[in-house]
Every structure is written in C-alpha cells, then in structure tokens.
2 protein chains.
Amino acid sequence: VVTDLDTAIALYEEDFEMRLVHRETIEAYAVEAVLLDVGESHVELLGSLGPESAVEEFLATAGPGLHHIAYRVTDVDSELHRLVAAGHQPLDPQPRIGIRGSRVAFLEAASTGGVMTELVEPA
Amino acid sequence: VVTDLDTAIALYEEDFEMRLVHRETIEAYAVEAVLLDVGESHVELLGSLGPESAVEEFLATAGPGLHHIAYRVTDVDSELHRLVAAGHQPLDPQPRIGIRGSRVAFLEAASTGGVMTELVEPA
C-alpha cells in the first residue's frame, strides 16, 4: 500500500528495474492497483482513490508498507474450503473477483501469524 | 517475523503445503531462520532466540507479521552502490553475509515507501 502511486511506480520501475505489466482501477474498493513483474512473481502497488478507499485505514494506522502476500492457486474454491476447515478465518465467505479477472480469497491475518494472505486463481 | 517458529512452520508446511528447504541459526542477530519453497521464491520465517534478538523490537511494537521483502540480484555490491547513489538509505554501508552463505544488503524502509527491502546475492 503506497501513499502516492506515481512515486511508487517510479521507485519500482526506475530504481528496482521492474516492468509495469498491469494497471487497474477497482471502483468497489476505491483503489488503483499496479502490477510489476519480478521473476514469476509480481509486486502489487495499491493506491487510495479517496477517503472511502479500502486502504485508507491501513495508511492512517500503519502508514505505507507491506499489506499482504498473495499465492497463486489452481482452484481458489477448494483451497479456501480446505483452509477454512483447518481453522483459518476468511475475510469473505466466498471468493470474489480480483484484478485481471482473477478469483481471489483473503485469510484474516489473525489466523495466519499476522500476515494477511490472499489466494489468487488467475483468469 | 513469527512469535513461535514451530507453530509457523506447521502453518506453512501443513496448511499452505510449502516445503521446508533450509533452517539456520544466526547467532549474531539471535534469530533462527527457516526457508520454505514457493515456486522460484521463498517464504522466510524469522524467530527470536531471546531478548537480545534483532527481531524483538519488531515483535514488541508491530507484533508478528510481514517484516521485509527480498529480491535476488547477481551482484549485490553494484546494486547497492547504484541504489545508494539514487538516494536510498542502506542499513549497513557494505553487504554482509546472510543465510546459506549469501551476501545481502538492506535498504531502510524510509527510502522505499515503507517497505524494508533486501538484496540477496546467493552463494
């Protein structure tokens, strides 16, 4: 989660030499998301689009920084079901649509050692 | 950074189905580090070995959770030099030895959008 998206993009593109591969506005959460390639993984930058944004509370309390870790899965429904059965707390009861048409599910940090954890099934 | 290393290992091995590939005690920092494979990347778990540990302050103030992100580089000296010249603040003036005989350098979070960033040149 970043304070200013353009400043953060400059940091990752110019200083860290990563390639920007996607940029998308998520109106429902009032965030703008940017993906940059690093090997087979991505850095995702999330910027706020206003006081109603889903990342405003995080920025206000923790400041900019690491927000969550996402892992690619092949079947988000079965993995979410398995992890909830193992005692993990889902943020939402069912997967929802993420960026690039992916299907995603989050596990609350309280059940995963303080690390908010996202499962991503790419489109 | 985790509160209890064995509990965290169980989470990542059993629930997240990652393979533990390395475990090492770093006496100089009073931490125990564990690496688990995820694709071509790793999750690194860091546990404290006592009140003198380098992660005790983090645990006391932030609690367990995401501590830093590490990127593999081919030449840590030249990358550190380049990034310091670009205005980033190094934690140490020169790279030091990390786990598995790697050479590592950290950039302070204040110069990288709140994300402590590690460069790792594998052995």
# chains A, B, ... in the order shown; residues from 1 in each chain; ligands from 1
>>> residues_around(residues="range 66-68 of chain A", least_positions_apart="4", cutoff="10 Å", atoms="only C-alpha atoms", output="count of residues only")
27
>>> select_by_dssp(residues="chain B", states="helix (DSSP H, G or I)", output="MDAnalysis selection string")
chainID B and resid 5:15 27:29 56:61 76:85 99:101 109:111
>>> write_last_selection(atoms="N, CA, C and O atoms", output="tab-separated table (two decimals), in the first residue's frame")
chain	number	residue	atom	x	y	z
B	5	LEU	N	8.41	-20.31	16.16
B	5	LEU	CA	8.85	-20.85	14.88
B	5	LEU	C	8.18	-22.19	14.56
B	5	LEU	O	7.77	-22.42	13.41
B	6	ASP	N	8.04	-23.05	15.53
B	6	ASP	CA	7.44	-24.36	15.24
B	6	ASP	C	5.98	-24.23	14.82
B	6	ASP	O	5.52	-24.93	13.91
B	7	THR	N	5.25	-23.33	15.45
B	7	THR	CA	3.85	-23.09	15.06
B	7	THR	C	3.79	-22.55	13.64
B	7	THR	O	2.94	-22.97	12.84
B	8	ALA	N	4.69	-21.64	13.32
B	8	ALA	CA	4.70	-21.05	11.99
B	8	ALA	C	5.09	-22.08	10.94
B	8	ALA	O	4.53	-22.11	9.84
B	9	ILE	N	6.06	-22.92	11.25
B	9	ILE	CA	6.46	-23.97	10.31
B	9	ILE	C	5.27	-24.90	10.02
B	9	ILE	O	5.01	-25.27	8.87
B	10	ALA	N	4.52	-25.24	11.05
B	10	ALA	CA	3.34	-26.10	10.85
B	10	ALA	C	2.33	-25.43	9.94
B	10	ALA	O	1.75	-26.06	9.05
B	11	LEU	N	2.13	-24.12	10.13
B	11	LEU	CA	1.21	-23.37	9.26
B	11	LEU	C	1.63	-23.45	7.80
B	11	LEU	O	0.82	-23.77	6.92
B	12	TYR	N	2.90	-23.19	7.55
B	12	TYR	CA	3.35	-23.13	6.15
B	12	TYR	C	3.55	-24.51	5.53
B	12	TYR	O	3.30	-24.69	4.33
B	13	GLU	N	3.96	-25.49	6.33
B	13	GLU	CA	4.14	-26.82	5.77
B	13	GLU	C	2.80	-27.54	5.59
B	13	GLU	O	2.52	-28.11	4.54
B	14	GLU	N	1.98	-27.50	6.63
B	14	GLU	CA	0.76	-28.31	6.62
B	14	GLU	C	-0.39	-27.59	5.92
B	14	GLU	O	-1.02	-28.14	5.02
B	15	ASP	N	-0.66	-26.35	6.32
B	15	ASP	CA	-1.82	-25.66	5.75
B	15	ASP	C	-1.52	-25.09	4.37
B	15	ASP	O	-2.34	-25.18	3.46
B	27	GLU	N	23.62	-16.48	14.93
B	27	GLU	CA	23.97	-16.11	16.30
B	27	GLU	C	24.13	-14.60	16.45
B	27	GLU	O	23.72	-14.02	17.46
B	28	ALA	N	24.72	-13.95	15.43
B	28	ALA	CA	25.00	-12.52	15.54
B	28	ALA	C	23.73	-11.70	15.73
B	28	ALA	O	23.78	-10.61	16.30
B	29	TYR	N	22.61	-12.21	15.24
B	29	TYR	CA	21.34	-11.48	15.36
B	29	TYR	C	20.36	-12.17	16.29
B	29	TYR	O	19.24	-11.71	16.47
B	56	GLU	N	13.28	-8.71	18.21
B	56	GLU	CA	12.47	-8.48	19.42
B	56	GLU	C	11.73	-7.14	19.37
B	56	GLU	O	10.57	-7.06	19.76
B	57	GLU	N	12.39	-6.10	18.90
B	57	GLU	CA	11.73	-4.79	18.86
B	57	GLU	C	10.55	-4.82	17.89
B	57	GLU	O	9.48	-4.27	18.17
B	58	PHE	N	10.76	-5.48	16.75
B	58	PHE	CA	9.67	-5.60	15.77
B	58	PHE	C	8.49	-6.35	16.39
B	58	PHE	O	7.33	-5.90	16.28
B	59	LEU	N	8.77	-7.46	17.04
B	59	LEU	CA	7.69	-8.23	17.68
B	59	LEU	C	6.98	-7.40	18.75
B	59	LEU	O	5.75	-7.45	18.88
B	60	ALA	N	7.75	-6.64	19.49
B	60	ALA	CA	7.17	-5.87	20.60
B	60	ALA	C	6.31	-4.71	20.10
B	60	ALA	O	5.31	-4.35	20.72
B	61	THR	N	6.71	-4.11	18.98
B	61	THR	CA	5.98	-2.93	18.52
B	61	THR	C	4.92	-3.28	17.48
B	61	THR	O	3.78	-2.84	17.58
B	76	VAL	N	25.48	-7.96	-5.64
B	76	VAL	CA	24.92	-7.12	-4.57
B	76	VAL	C	25.72	-5.84	-4.38
B	76	VAL	O	25.16	-4.80	-4.03
B	77	ASP	N	27.04	-5.90	-4.61
B	77	ASP	CA	27.85	-4.69	-4.45
B	77	ASP	C	27.43	-3.60	-5.44
B	77	ASP	O	27.22	-2.45	-5.05
B	78	SER	N	27.31	-3.98	-6.70
B	78	SER	CA	26.99	-2.95	-7.70
B	78	SER	C	25.55	-2.46	-7.54
B	78	SER	O	25.28	-1.27	-7.71
B	79	GLU	N	24.63	-3.35	-7.17
B	79	GLU	CA	23.24	-2.91	-6.98
B	79	GLU	C	23.12	-1.99	-5.77
B	79	GLU	O	22.40	-0.99	-5.80
B	80	LEU	N	23.82	-2.33	-4.70
B	80	LEU	CA	23.77	-1.46	-3.52
B	80	LEU	C	24.37	-0.10	-3.84
B	80	LEU	O	23.79	0.95	-3.49
B	81	HIS	N	25.47	-0.10	-4.54
B	81	HIS	CA	26.11	1.16	-4.93
B	81	HIS	C	25.16	2.00	-5.77
B	81	HIS	O	24.98	3.20	-5.54
B	82	ARG	N	24.54	1.38	-6.75
B	82	ARG	CA	23.61	2.07	-7.65
B	82	ARG	C	22.43	2.65	-6.88
B	82	ARG	O	22.02	3.80	-7.09
B	83	LEU	N	21.86	1.88	-5.95
B	83	LEU	CA	20.67	2.32	-5.24
B	83	LEU	C	20.98	3.40	-4.21
B	83	LEU	O	20.19	4.32	-3.98
B	84	VAL	N	22.16	3.32	-3.59
B	84	VAL	CA	22.57	4.38	-2.67
B	84	VAL	C	22.80	5.68	-3.45
B	84	VAL	O	22.39	6.76	-3.02
B	85	ALA	N	23.40	5.54	-4.62
B	85	ALA	CA	23.61	6.73	-5.47
B	85	ALA	C	22.28	7.34	-5.89
B	85	ALA	O	22.18	8.55	-6.10
B	99	ILE	N	21.96	-15.82	5.18
B	99	ILE	CA	21.86	-17.27	5.35
B	99	ILE	C	22.31	-17.99	4.09
B	99	ILE	O	22.35	-17.41	3.00
B	100	ARG	N	22.66	-19.25	4.24
B	100	ARG	CA	23.15	-20.10	3.14
B	100	ARG	C	24.35	-19.49	2.43
B	100	ARG	O	24.54	-19.69	1.23
B	101	GLY	N	25.14	-18.71	3.18
B	101	GLY	CA	26.35	-18.14	2.59
B	101	GLY	C	26.11	-17.05	1.57
B	101	GLY	O	27.02	-16.67	0.82
B	109	ALA	N	13.43	1.23	5.17
B	109	ALA	CA	12.07	1.38	4.66
B	109	ALA	C	11.72	2.84	4.35
B	109	ALA	O	10.89	3.11	3.48
B	110	ALA	N	12.35	3.76	5.04
B	110	ALA	CA	12.01	5.18	4.85
B	110	ALA	C	12.27	5.64	3.42
B	110	ALA	O	11.61	6.55	2.93
B	111	SER	N	13.23	5.00	2.74
B	111	SER	CA	13.55	5.42	1.37
B	111	SER	C	12.86	4.55	0.31
B	111	SER	O	13.03	4.76	-0.88
>>> select_by_dssp(residues="chain A", states="strand (DSSP E or B)", output="PyMOL selection string")
chain A and resi 2+19-26+31-38+41-48+69-72+90+96-97+103-107+117-121
>>> residues_around(residues="Gly50 in chain A", least_positions_apart="3", cutoff="9 Å", atoms="only C-alpha atoms", output="list in words")
Ala30, Val31, Ser53 and Glu56 of chain A
>>> residues_around(residues="Val73 in chain B", least_positions_apart="5", cutoff="12 Å", atoms="only C-alpha atoms", output="list in words")
Phe16, Glu17, Val38 and Gly39 of chain A; Ser78, Glu79, Leu80, Ser102, Arg103, Val104, Ala105, Glu118, Leu119, Val120, Glu121, Pro122 and Ala123 of chain B
>>> closest_residue(among="A:Val21, A:Val43, A:Leu91, A:Ile26", to="chain B", atoms="only C-alpha atoms")
A:Val43
>>> atom_distance(atom1="CA of Arg23 in chain A", atom2="CA of Asp37 in chain B")
28.4 Å
>>> closest_residue(among="A:Met18, A:Ala86, A:Ile97, A:Val34", to="chain B", atoms="only C-alpha atoms")
A:Ala86
>>> atom_distance(atom1="CA of Gly87 in chain B", atom2="CA of Gly47 in chain A")
22.8 Å
>>> atom_distance(atom1="CA of Gly98 in chain A", atom2="CA of Gly63 in chain A")
23.4 Å
